[in-house]
Amino acid sequence: MSIFGLNKVGKCRVCGCTNDDPCFHPDHGFCWWADEAETICSHCACEEIANDPETVHCVNSKECETFDFPGYENVIVHKGNTKGGKK
Ligand SMILES: [Zn+2]
Ligand SMILES: [Zn+2]
């Protein structure tokens, strides 16, 4: 018998972000899971954040692009960083 409700995905079905590759918004910080199964992240689930042009999805996948926000010098996303870490 499989255990119901514990098969977490850990990947956003909208933008494809993971714990190692989160989304970032200058006001809200890194994304966190918006559902228990971890299939959608906060920055996709929340329309206000999702529609904000400042939202960057999957930051580690986009490290080639310019990634500097006012007040956030050289935002470094460490591999294995926990979601929702906000300074
Ligand atoms: Zn997402
Ligand atoms: Zn995300």
# chains A, B, ... in the order shown; residues from 1 in each chain; ligands from 1

$ residues_near_ligand --ligand "ligand 2" --cutoff "8 Å" --atoms "only C-alpha atoms and all ligand atoms" --output "ChimeraX atom specification"
/A:12,15-18,21-24,30-33,40-44,57-58

$ atom_distance --atom1 "atom CA of His25 of chain A" --atom2 "atom CA of Lys62 of chain A"
13.9 Å

$ atom_distance --atom1 "atom CA of His28 of chain A" --atom2 "atom CA of Val59 of chain A"
14.2 Å

$ select_by_dssp --residues "segment 7-56 of chain A" --states "helix (DSSP H, G or I)" --output "JSON, numbers by chain"
{"A": [42, 43, 44, 45, 47, 48, 49, 50]}

$ write_last_selection --atoms "N, CA and C atoms" --output "mmCIF file, in the first residue's frame"
data_model
loop_
_atom_site.group_PDB
_atom_site.id
_atom_site.type_symbol
_atom_site.label_atom_id
_atom_site.label_comp_id
_atom_site.auth_asym_id
_atom_site.auth_seq_id
_atom_site.Cartn_x
_atom_site.Cartn_y
_atom_site.Cartn_z
ATOM 1 N N SER A 42 5.021 29.498 -4.285
ATOM 2 C CA SER A 42 4.319 30.718 -3.901
ATOM 3 C C SER A 42 4.369 31.771 -4.993
ATOM 4 N N HIS A 43 5.489 31.843 -5.693
ATOM 5 C CA HIS A 43 5.660 32.907 -6.676
ATOM 6 C C HIS A 43 4.874 32.634 -7.957
ATOM 7 N N CYS A 44 4.314 31.437 -8.070
ATOM 8 C CA CYS A 44 3.396 31.143 -9.174
ATOM 9 C C CYS A 44 1.959 31.127 -8.667
ATOM 10 N N ALA A 45 1.781 30.679 -7.427
ATOM 11 C CA ALA A 45 0.433 30.564 -6.865
ATOM 12 C C ALA A 45 -0.149 31.927 -6.539
ATOM 13 N N GLU A 47 -0.916 35.440 -7.463
ATOM 14 C CA GLU A 47 -1.006 36.239 -8.698
ATOM 15 C C GLU A 47 -0.219 37.534 -8.596
ATOM 16 N N GLU A 48 -0.275 38.121 -7.429
ATOM 17 C CA GLU A 48 0.397 39.406 -7.248
ATOM 18 C C GLU A 48 1.899 39.275 -7.504
ATOM 19 N N ILE A 49 2.480 38.184 -6.998
ATOM 20 C CA ILE A 49 3.914 37.961 -7.200
ATOM 21 C C ILE A 49 4.178 37.457 -8.612
ATOM 22 N N ALA A 50 3.334 36.552 -9.086
ATOM 23 C CA ALA A 50 3.541 35.951 -10.404
ATOM 24 C C ALA A 50 3.493 36.994 -11.514
#
